[in-house]
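Structure data follow from coords_5.pdb (PDB, C-alpha atoms):
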ATOM      1  CA  MET A1287     130.107 118.661 122.540
ATOM      2  CA  THR A1288     131.824 115.480 121.332
ATOM      3  CA  ALA A1289     130.941 112.257 123.129
ATOM      4  CA  GLU A1290     133.768 110.157 124.561
ATOM      5  CA  LEU A1291     134.441 107.007 122.513
ATOM      6  CA  ARG A1292     133.294 104.086 124.599
ATOM      7  CA  PHE A1293     132.197 100.809 123.073
ATOM      8  CA  ASP A1294     129.512  99.337 125.326
ATOM      9  CA  GLU A1295     128.715  95.640 125.024
ATOM     10  CA  VAL A1296     125.520  95.946 127.067
ATOM     11  CA  ILE A1297     124.109  98.468 124.597
ATOM     12  CA  HIS A1298     125.525  96.864 121.478
ATOM     13  CA  ALA A1299     123.161  93.843 121.390
ATOM     14  CA  PRO A1300     120.925  94.660 118.375
ATOM     15  CA  GLN A1301     117.580  94.921 120.191
ATOM     16  CA  ARG A1302     119.087  96.802 123.112
ATOM     17  CA  LEU A1303     120.806  99.279 120.807
ATOM     18  CA  ARG A1304     117.456  99.986 119.151
ATOM     19  CA  ILE A1305     115.720 100.352 122.531
ATOM     20  CA  VAL A1306     118.347 102.793 123.762
ATOM     21  CA  ALA A1307     118.348 104.736 120.473
ATOM     22  CA  MET A1308     114.573 105.151 120.749
ATOM     23  CA  LEU A1309     114.727 106.185 124.384
ATOM     24  CA  ALA A1310     117.526 108.661 123.672
ATOM     25  CA  SER A1311     115.202 110.526 121.293
ATOM     26  CA  VAL A1312     112.544 111.324 123.907
ATOM     27  CA  ALA A1313     111.978 111.841 127.633
ATOM     28  CA  GLY A1314     110.417 108.386 127.881
ATOM     29  CA  LEU A1315     108.404 105.775 126.015
ATOM     30  CA  GLU A1316     105.502 103.527 126.916
ATOM     31  CA  PHE A1317     106.400  99.849 127.127
ATOM     32  CA  ALA A1318     103.808  99.038 124.438
ATOM     33  CA  ALA A1319     105.269 101.631 122.071
ATOM     34  CA  VAL A1320     108.750 100.085 122.285
ATOM     35  CA  ARG A1321     107.373  96.552 122.002
ATOM     36  CA  ASP A1322     105.339  97.413 118.882
ATOM     37  CA  ALA A1323     108.235  99.294 117.286
ATOM     38  CA  LEU A1324     110.628  96.383 117.807
ATOM     39  CA  ASP A1325     107.980  93.767 117.031
ATOM     40  CA  VAL A1326     108.970  91.590 119.997
ATOM     41  CA  SER A1327     107.018  89.885 122.773
ATOM     42  CA  ASP A1328     106.476  91.414 126.201
ATOM     43  CA  SER A1329     108.844  88.920 127.813
ATOM     44  CA  VAL A1330     111.674  89.588 125.354
ATOM     45  CA  LEU A1331     111.377  93.334 125.877
ATOM     46  CA  SER A1332     111.177  92.877 129.650
ATOM     47  CA  LYS A1333     114.415  90.886 129.626
ATOM     48  CA  HIS A1334     116.246  93.530 127.607
ATOM     49  CA  LEU A1335     114.921  96.318 129.828
ATOM     50  CA  LYS A1336     116.018  94.362 132.911
ATOM     51  CA  VAL A1337     119.562  94.065 131.545
ATOM     52  CA  LEU A1338     119.628  97.791 130.785
ATOM     53  CA  GLU A1339     118.091  98.619 134.165
ATOM     54  CA  ASP A1340     120.655  96.453 135.972
ATOM     55  CA  ALA A1341     123.421  98.284 134.108
ATOM     56  CA  GLY A1342     121.948 101.559 135.381
ATOM     57  CA  TYR A1343     121.117 102.763 131.864
ATOM     58  CA  VAL A1344     117.333 102.658 131.960
ATOM     59  CA  LYS A1345     114.705 103.570 134.509
ATOM     60  CA  VAL A1346     111.405 101.674 134.318
ATOM     61  CA  GLN A1347     108.384 103.332 135.890
ATOM     62  CA  LYS A1348     104.928 101.938 136.563
ATOM     63  CA  THR A1349     101.961 104.269 137.007
ATOM     64  CA  ARG A1350      98.313 103.498 137.638
ATOM     65  CA  ARG A1351      95.941 105.332 135.344
ATOM     66  CA  SER A1352      92.286 104.633 134.564
ATOM     67  CA  GLY A1353      92.426 101.384 136.548
ATOM     68  CA  ARG A1354      95.386 100.076 134.530
ATOM     69  CA  THR A1355      99.079  99.884 135.174
ATOM     70  CA  TRP A1356     101.148 101.669 132.536
ATOM     71  CA  THR A1357     104.835 100.935 132.236
ATOM     72  CA  SER A1358     107.229 103.423 130.717
ATOM     73  CA  ALA A1359     110.977 103.463 130.301
ATOM     74  CA  SER A1360     113.438 106.310 130.127
ATOM     75  CA  LEU A1361     117.192 106.621 129.793
ATOM     76  CA  THR A1362     119.201 107.599 132.839
ATOM     77  CA  ARG A1363     122.025 110.122 132.587
ATOM     78  CA  ALA A1364     124.511 107.225 132.612
ATOM     79  CA  GLY A1365     122.512 105.496 129.868
ATOM     80  CA  ARG A1366     122.505 108.578 127.670
ATOM     81  CA  SER A1367     126.210 109.055 128.164
ATOM     82  CA  ALA A1368     126.890 105.374 127.399
ATOM     83  CA  TYR A1369     124.713 105.549 124.282
ATOM     84  CA  GLU A1370     126.455 108.663 122.983
ATOM     85  CA  GLY A1371     129.856 107.103 123.683
ATOM     86  CA  HIS A1372     128.835 103.902 121.944
ATOM     87  CA  VAL A1373     127.557 105.701 118.848
ATOM     88  CA  ALA A1374     130.767 107.731 118.774
ATOM     89  CA  ALA A1375     132.771 104.483 118.965
ATOM     90  CA  LEU A1376     130.764 102.974 116.100
ATOM     91  CA  ARG A1377     131.355 106.136 114.050
ATOM     92  CA  ALA A1378     135.078 105.909 114.799
ATOM     93  CA  ILE A1379     135.147 102.328 113.485
ATOM     94  CA  VAL A1380     133.287 103.326 110.311
ATOM     95  CA  ASP A1381     135.414 106.473 109.825
ATOM     96  CA  GLY A1382     138.588 104.494 110.490
ATOM     97  CA  ALA A1383     137.643 101.997 107.819
ATOM     98  CA  ALA A1384     136.812 104.793 105.378
ATOM     99  CA  ALA A1385     140.170 106.478 106.019
ATOM    100  CA  THR A1386     141.990 103.173 105.525
ATOM    101  CA  THR A1387     140.160 102.616 102.240
ATOM    102  CA  ALA A1388     141.029 106.132 101.050
ATOM    103  CA  VAL A1389     144.731 105.617 101.859
ATOM    104  CA  THR A1390     144.731 102.233 100.099
ATOM    105  CA  GLU A1391     143.124 103.736  96.997
ATOM    106  CA  GLN A1392     145.708 106.534  96.891
ATOM    107  CA  ARG A1393     148.593 104.047  96.777
TER     108      ARG A1393
ATOM    109  CA  MET B 926     143.951 106.663 132.938
ATOM    110  CA  GLU B 927     146.194 103.613 132.761
ATOM    111  CA  ASN B 928     149.441 102.988 134.614
ATOM    112  CA  ASP B 929     152.638 101.999 132.848
ATOM    113  CA  ALA B 930     155.387  99.787 134.299
ATOM    114  CA  THR B 931     156.634 102.644 136.468
ATOM    115  CA  GLY B 932     153.218 103.258 137.832
ATOM    116  CA  ALA B 933     152.946 106.632 136.152
ATOM    117  CA  PRO B 934     149.491 107.329 134.716
ATOM    118  CA  GLN B 935     149.302 107.314 130.940
ATOM    119  CA  PRO B 936     146.638 109.153 128.971
ATOM    120  CA  GLU B 937     144.118 106.929 127.251
ATOM    121  CA  SER B 938     144.201 106.889 123.504
ATOM    122  CA  PRO B 939     140.901 107.740 121.755
ATOM    123  CA  GLN B 940     140.599 104.145 120.628
ATOM    124  CA  SER B 941     141.436 102.611 124.016
ATOM    125  CA  GLU B 942     137.778 101.743 124.571
ATOM    126  CA  LEU B 943     137.307 100.208 121.133
ATOM    127  CA  PRO B 944     137.416  96.415 120.909
ATOM    128  CA  ARG B 945     140.455  94.814 119.286
ATOM    129  CA  PRO B 946     140.039  92.405 116.360
ATOM    130  CA  ASP B 947     141.258  89.525 118.538
ATOM    131  CA  ALA B 948     139.172  90.478 121.562
ATOM    132  CA  PRO B 949     137.316  87.432 122.934
ATOM    133  CA  GLN B 950     133.531  87.401 123.131
ATOM    134  CA  THR B 951     132.800  87.601 126.842
ATOM    135  CA  ASP B 952     129.177  86.562 126.474
ATOM    136  CA  PRO B 953     128.228  84.180 123.665
ATOM    137  CA  GLY B 954     124.583  85.309 123.941
ATOM    138  CA  ARG B 955     125.494  88.831 122.962
ATOM    139  CA  ALA B 956     125.723  90.309 119.525
ATOM    140  CA  PRO B 957     129.045  90.029 117.736
ATOM    141  CA  VAL B 958     131.177  92.998 118.665
ATOM    142  CA  PRO B 959     132.489  94.893 115.656
ATOM    143  CA  ALA B 960     136.251  95.039 115.998
ATOM    144  CA  VAL B 961     138.364  97.935 114.803
ATOM    145  CA  GLY B 962     138.261  97.552 111.072
ATOM    146  CA  ASP B 963     134.970  95.638 111.110
ATOM    147  CA  ALA B 964     133.176  98.570 109.585
ATOM    148  CA  ASP B 965     130.244  96.626 108.176
ATOM    149  CA  ALA B 966     128.954  95.560 111.596
ATOM    150  CA  ALA B 967     129.440  99.081 112.940
ATOM    151  CA  ARG B 968     127.665 100.560 109.918
ATOM    152  CA  ALA B 969     124.767  98.123 110.374
ATOM    153  CA  ALA B 970     124.507  99.165 114.034
ATOM    154  CA  LEU B 971     124.437 102.854 113.051
ATOM    155  CA  ASP B 972     121.727 102.079 110.493
ATOM    156  CA  ALA B 973     119.703 100.419 113.272
ATOM    157  CA  VAL B 974     120.102 103.570 115.370
ATOM    158  CA  ALA B 975     118.866 105.765 112.502
ATOM    159  CA  GLU B 976     115.942 103.418 111.868
ATOM    160  CA  SER B 977     114.956 103.516 115.551
ATOM    161  CA  LYS B 978     114.920 107.298 115.492
ATOM    162  CA  LEU B 979     112.673 107.208 112.433
ATOM    163  CA  LEU B 980     110.275 104.939 114.341
ATOM    164  CA  VAL B 981     110.109 107.521 117.126
ATOM    165  CA  ALA B 982     109.479 110.293 114.564
ATOM    166  CA  GLU B 983     106.697 108.189 113.060
ATOM    167  CA  ARG B 984     105.082 107.821 116.495
ATOM    168  CA  MET B 985     105.353 111.581 117.067
ATOM    169  CA  ARG B 986     103.334 112.156 113.924
ATOM    170  CA  ARG B 987     100.418 110.302 115.549
ATOM    171  CA  GLY B 988      99.967 113.208 117.987
ATOM    172  CA  PRO B 989      96.680 115.157 117.717
ATOM    173  CA  ARG B 990      96.661 117.898 115.083
ATOM    174  CA  TRP B 991      95.098 120.303 117.563
ATOM    175  CA  TYR B 992      97.961 119.838 120.046
ATOM    176  CA  ASN B 993      99.819 123.039 119.116
ATOM    177  CA  PRO B 994      96.838 125.463 119.062
ATOM    178  CA  VAL B 995      95.539 124.063 122.373
ATOM    179  CA  TYR B 996      99.039 124.356 123.843
ATOM    180  CA  GLY B 997      99.156 127.998 122.687
ATOM    181  CA  ALA B 998      95.688 128.677 124.140
ATOM    182  CA  LEU B 999      96.662 127.218 127.526
ATOM    183  CA  CYS B1000      99.875 129.267 127.590
ATOM    184  CA  GLY B1001      97.781 132.336 126.728
ATOM    185  CA  LEU B1002      95.388 131.517 129.577
ATOM    186  CA  LEU B1003      98.304 131.201 131.974
ATOM    187  CA  ILE B1004      99.604 134.628 130.949
ATOM    188  CA  LEU B1005      96.105 136.101 131.162
ATOM    189  CA  SER B1006      95.615 134.809 134.701
ATOM    190  CA  ILE B1007      98.829 136.504 135.875
ATOM    191  CA  GLY B1008      97.226 139.887 135.166
ATOM    192  CA  LEU B1009      93.925 139.048 136.894
ATOM    193  CA  PRO B1010      92.880 139.619 140.539
ATOM    194  CA  ASP B1011      93.573 136.929 143.182
ATOM    195  CA  VAL B1012      90.668 134.493 142.772
ATOM    196  CA  TRP B1013      90.763 134.628 138.984
ATOM    197  CA  PHE B1014      94.521 134.287 139.062
ATOM    198  CA  ILE B1015      94.295 131.032 141.070
ATOM    199  CA  ALA B1016      91.474 129.705 138.896
ATOM    200  CA  GLY B1017      93.315 130.575 135.683
ATOM    201  CA  VAL B1018      96.590 128.991 136.807
ATOM    202  CA  LEU B1019      94.761 125.853 137.948
ATOM    203  CA  VAL B1020      92.820 125.476 134.713
ATOM    204  CA  SER B1021      95.919 126.008 132.547
ATOM    205  CA  ALA B1022      98.032 123.628 134.662
ATOM    206  CA  ILE B1023      95.353 120.906 134.578
ATOM    207  CA  GLY B1024      94.860 121.529 130.858
ATOM    208  CA  LEU B1025      98.594 121.211 130.109
ATOM    209  CA  GLY B1026      98.701 117.992 132.164
ATOM    210  CA  MET B1027      95.715 116.562 130.264
ATOM    211  CA  LEU B1028      97.258 117.606 126.962
ATOM    212  CA  ALA B1029     100.476 115.754 127.820
ATOM    213  CA  GLY B1030      98.387 112.717 128.868
ATOM    214  CA  ILE B1031      96.445 112.648 125.596
ATOM    215  CA  TYR B1032      99.676 113.014 123.634
ATOM    216  CA  ARG B1033     101.174 110.125 125.590
ATOM    217  CA  GLN B1034      98.104 107.961 125.008
ATOM    218  CA  ARG B1035      98.159 108.578 121.246
ATOM    219  CA  THR B1036     101.888 108.379 120.624
ATOM    220  CA  GLY B1037     103.296 106.337 123.521
ATOM    221  CA  ILE B1038     105.774 109.156 124.120
ATOM    222  CA  VAL B1039     106.233 110.579 127.593
ATOM    223  CA  LEU B1040     106.725 114.351 127.614
ATOM    224  CA  GLY B1041     109.121 115.628 130.247
ATOM    225  CA  ALA B1042     112.508 116.959 131.140
ATOM    226  CA  GLY B1043     114.406 114.526 128.905
ATOM    227  CA  ASN B1044     112.790 115.646 125.654
ATOM    228  CA  PRO B1045     115.182 116.590 122.884
ATOM    229  CA  ARG B1046     115.750 120.315 122.643
ATOM    230  CA  PRO B1047     116.330 121.522 119.109
ATOM    231  CA  ARG B1048     118.778 124.365 119.300
ATOM    232  CA  GLY B1049     117.490 127.936 119.466
ATOM    233  CA  LEU B1050     113.806 127.365 120.228
ATOM    234  CA  TYR B1051     113.759 126.954 123.989
ATOM    235  CA  PRO B1052     115.376 130.307 124.778
ATOM    236  CA  TRP B1053     112.709 131.964 122.620
ATOM    237  CA  LEU B1054     109.889 130.190 124.461
ATOM    238  CA  ILE B1055     111.326 131.236 127.821
ATOM    239  CA  VAL B1056     111.784 134.846 126.640
ATOM    240  CA  VAL B1057     108.217 135.005 125.264
ATOM    241  CA  LEU B1058     106.674 133.564 128.429
ATOM    242  CA  GLY B1059     108.884 135.659 130.729
ATOM    243  CA  VAL B1060     108.262 138.990 128.969
ATOM    244  CA  ALA B1061     104.538 138.251 128.594
ATOM    245  CA  ALA B1062     104.200 137.293 132.277
ATOM    246  CA  VAL B1063     105.875 140.542 133.406
ATOM    247  CA  ALA B1064     103.839 142.626 130.933
ATOM    248  CA  SER B1065     100.599 140.945 132.003
ATOM    249  CA  TYR B1066     101.361 141.497 135.674
ATOM    250  CA  PHE B1067     102.146 145.202 135.253
ATOM    251  CA  ASP B1068      99.173 145.786 132.940
ATOM    252  CA  GLY B1069      96.758 144.054 135.303
ATOM    253  CA  HIS B1070      98.030 145.439 138.587
ATOM    254  CA  HIS B1071      99.254 148.893 137.583
ATOM    255  CA  GLY B1072      96.445 150.526 135.671
ATOM    256  CA  PHE B1073      96.208 149.106 132.133
ATOM    257  CA  PRO B1074      93.827 146.109 132.382
ATOM    258  CA  LEU B1075      93.034 146.213 128.653
ATOM    259  CA  GLY B1076      96.639 145.297 127.989
ATOM    260  CA  VAL B1077      96.284 141.930 129.774
ATOM    261  CA  PRO B1078      94.183 140.139 127.123
ATOM    262  CA  ILE B1079      96.279 141.695 124.347
ATOM    263  CA  VAL B1080      99.486 140.376 125.913
ATOM    264  CA  ALA B1081      97.830 136.985 126.559
ATOM    265  CA  ILE B1082      96.694 136.627 122.946
ATOM    266  CA  CYS B1083     100.145 137.604 121.637
ATOM    267  CA  ALA B1084     101.817 135.111 124.013
ATOM    268  CA  GLY B1085      99.358 132.355 123.062
ATOM    269  CA  VAL B1086      99.945 132.839 119.343
ATOM    270  CA  ALA B1087     103.726 132.983 119.892
ATOM    271  CA  CYS B1088     103.643 129.724 121.899
ATOM    272  CA  TRP B1089     101.515 128.070 119.194
ATOM    273  CA  VAL B1090     103.990 129.113 116.491
ATOM    274  CA  LEU B1091     107.021 128.091 118.572
ATOM    275  CA  SER B1092     105.410 124.741 119.377
ATOM    276  CA  ARG B1093     104.867 124.066 115.654
ATOM    277  CA  ARG B1094     108.442 125.055 114.901
ATOM    278  CA  TYR B1095     109.659 122.831 117.726
ATOM    279  CA  ASP B1096     107.859 119.861 116.144
ATOM    280  CA  ALA B1097     109.357 120.624 112.726
ATOM    281  CA  ALA B1098     112.861 120.962 114.191
ATOM    282  CA  LEU B1099     112.433 117.728 116.135
ATOM    283  CA  PHE B1100     111.406 115.781 113.036
ATOM    284  CA  GLU B1101     114.420 117.194 111.228
ATOM    285  CA  LEU B1102     116.632 116.114 114.131
ATOM    286  CA  LEU B1103     115.226 112.579 114.296
ATOM    287  CA  GLU B1104     115.155 112.052 110.569
ATOM    288  CA  GLY B1105     118.662 113.443 110.157
ATOM    289  CA  GLN B1106     121.981 111.993 111.209
ATOM    290  CA  ASP B1107     122.581 113.894 114.457
ATOM    291  CA  ASP B1108     122.800 111.371 117.298
ATOM    292  CA  GLY B1109     123.591 113.440 120.305
ATOM    293  CA  GLY B1110     123.961 116.815 121.890
ATOM    294  CA  HIS B1111     120.298 117.667 121.696
ATOM    295  CA  GLN B1112     119.219 116.531 125.096
ATOM    296  CA  ARG B1113     117.652 118.899 127.628
TER     297      ARG B1113
END
As structure tokens, please, write out the structure in this file.
Amino acid sequence: MTAELRFDEVIHAPQRLRIVAMLASVAGLEFAAVRDALDVSDSVLSKHLKVLEDAGYVKVQKTRRSGRTWTSASLTRAGRSAYEGHVAALRAIVDGAAATTAVTEQR
Amino acid sequence: MENDATGAPQPESPQSELPRPDAPQTDPGRAPVPAVGDADAARAALDAVAESKLLVAERMRRGPRWYNPVYGALCGLLILSIGLPDVWFIAGVLVSAIGLGMLAGIYRQRTGIVLGAGNPRPRGLYPWLIVVLGVAAVASYFDGHHGFPLGVPIVAICAGVACWVLSRRYDAALFELLEGQDDGGHQR
């Protein structure tokens, strides 16, 4: 199935694109795992997750386990669709540039 | 769909959602939007996507080495319990369910990855797992309740080994998926 081209400015911010790309690869990720992978502070990650959550792209869940609160994040269906559309749009830009270059070289 | 001057809906072009080179930045705090033709920014974004997937693959490799054999053993136990009488059936199902839950918890603790319905599904492996478990469950039930009790452990062992092998193959396919260039279409 081909994703619909849809450039998404909420996802495109560098850190948010990386967060969404990581979440799209799994059912969900622990907050600490994303933070360590991105090498950012808790507050920075929280802000990005809030933006994504407000856009309806990410679901943040808190669970209590062994006397601690564990936070995990997962992509919603809308988030996955937006991510796939965004990646398709990026590919279209890259492919478009490659096609333009090929035509220019032929002339 | 967009409307033209007459109000008639017009089909969207494939690039209608792509930003134009002269499109204004709506939020100065956001990353620069690659315009059509700004291939370098788009390529850099795609590289970031690929790198993020590699980070997830790297975390997956931190999972316990005994995950797959234990998963196979618990699946085998589940199949075995289907062929056993009532009390043993309940006990077997409970132990295998609790065991699978604990296994997922340990995996999550070690890797930071939550196992669940959104996991990627490399093509071709899930149908096999469902077929193996389905056929084994039916075979175990008929062996245990219709006169061939010796067949129950044999079926359970076969199912357990099959689940172990499929689980290993699933991991290998997943690494290939994450370390490759495929970005979509693999979701459950």
Query raised in the report: Could you work out how far CA of Ala1042 in chain B lies from CA of Val974 in chain B, giving the answer in Å with one decimal?
Result: 22.0 Å
Report task. List the residues selected by the ChimeraX specification (/B :<7) & /A in the file shown, writing them as a PyMOL selection string. Result -> chain A and resi 1287+1291-1293+1298-1300+1303-1304+1307-1308+1311-1316+1319+1323+1370+1375-1376+1379-1380+1382-1383
Requested in this report: Please provide as a VMD selection string all residues within 9 Å of range 1341-1356 of chain A, with the sequence filter that same-chain residues fewer than 3 positions apart are discarded (counting only C-alpha atoms).
Outcome: chain A and resid 1296 to 1297 1306 1309 1316 to 1318 1335 to 1338 1359 to 1369
**Report entry** Residues selected by the PyMOL selection byres ((chain B and resi 1002) around 12), written as a PyMOL selection string
**Finding:** chain B and resi 995-1001+1003-1009+1013-1025+1058+1061-1062+1065+1077-1086+1088
Query raised in the report: CA of Val1330 in chain A and CA of Ala1310 in chain A are how many Å apart?
Result: 20.0 Å
Query raised in the report: For the atom pair CA of Gly1049 in chain B and CA of Arg990 in chain B, what is the interatomic distance in Å to one decimal place?
Result: 23.5 Å
Taking every listed atom of range 1311-1323 of chain A and adding 6 Å to each side, what centre and edge lengths in Å (one decimal) does the axis-aligned box have, as AutoDock Vina command-line options?
--center_x 109.5 --center_y 104.2 --center_z 122.6 --size_x 23.4 --size_y 27.3 --size_z 22.6
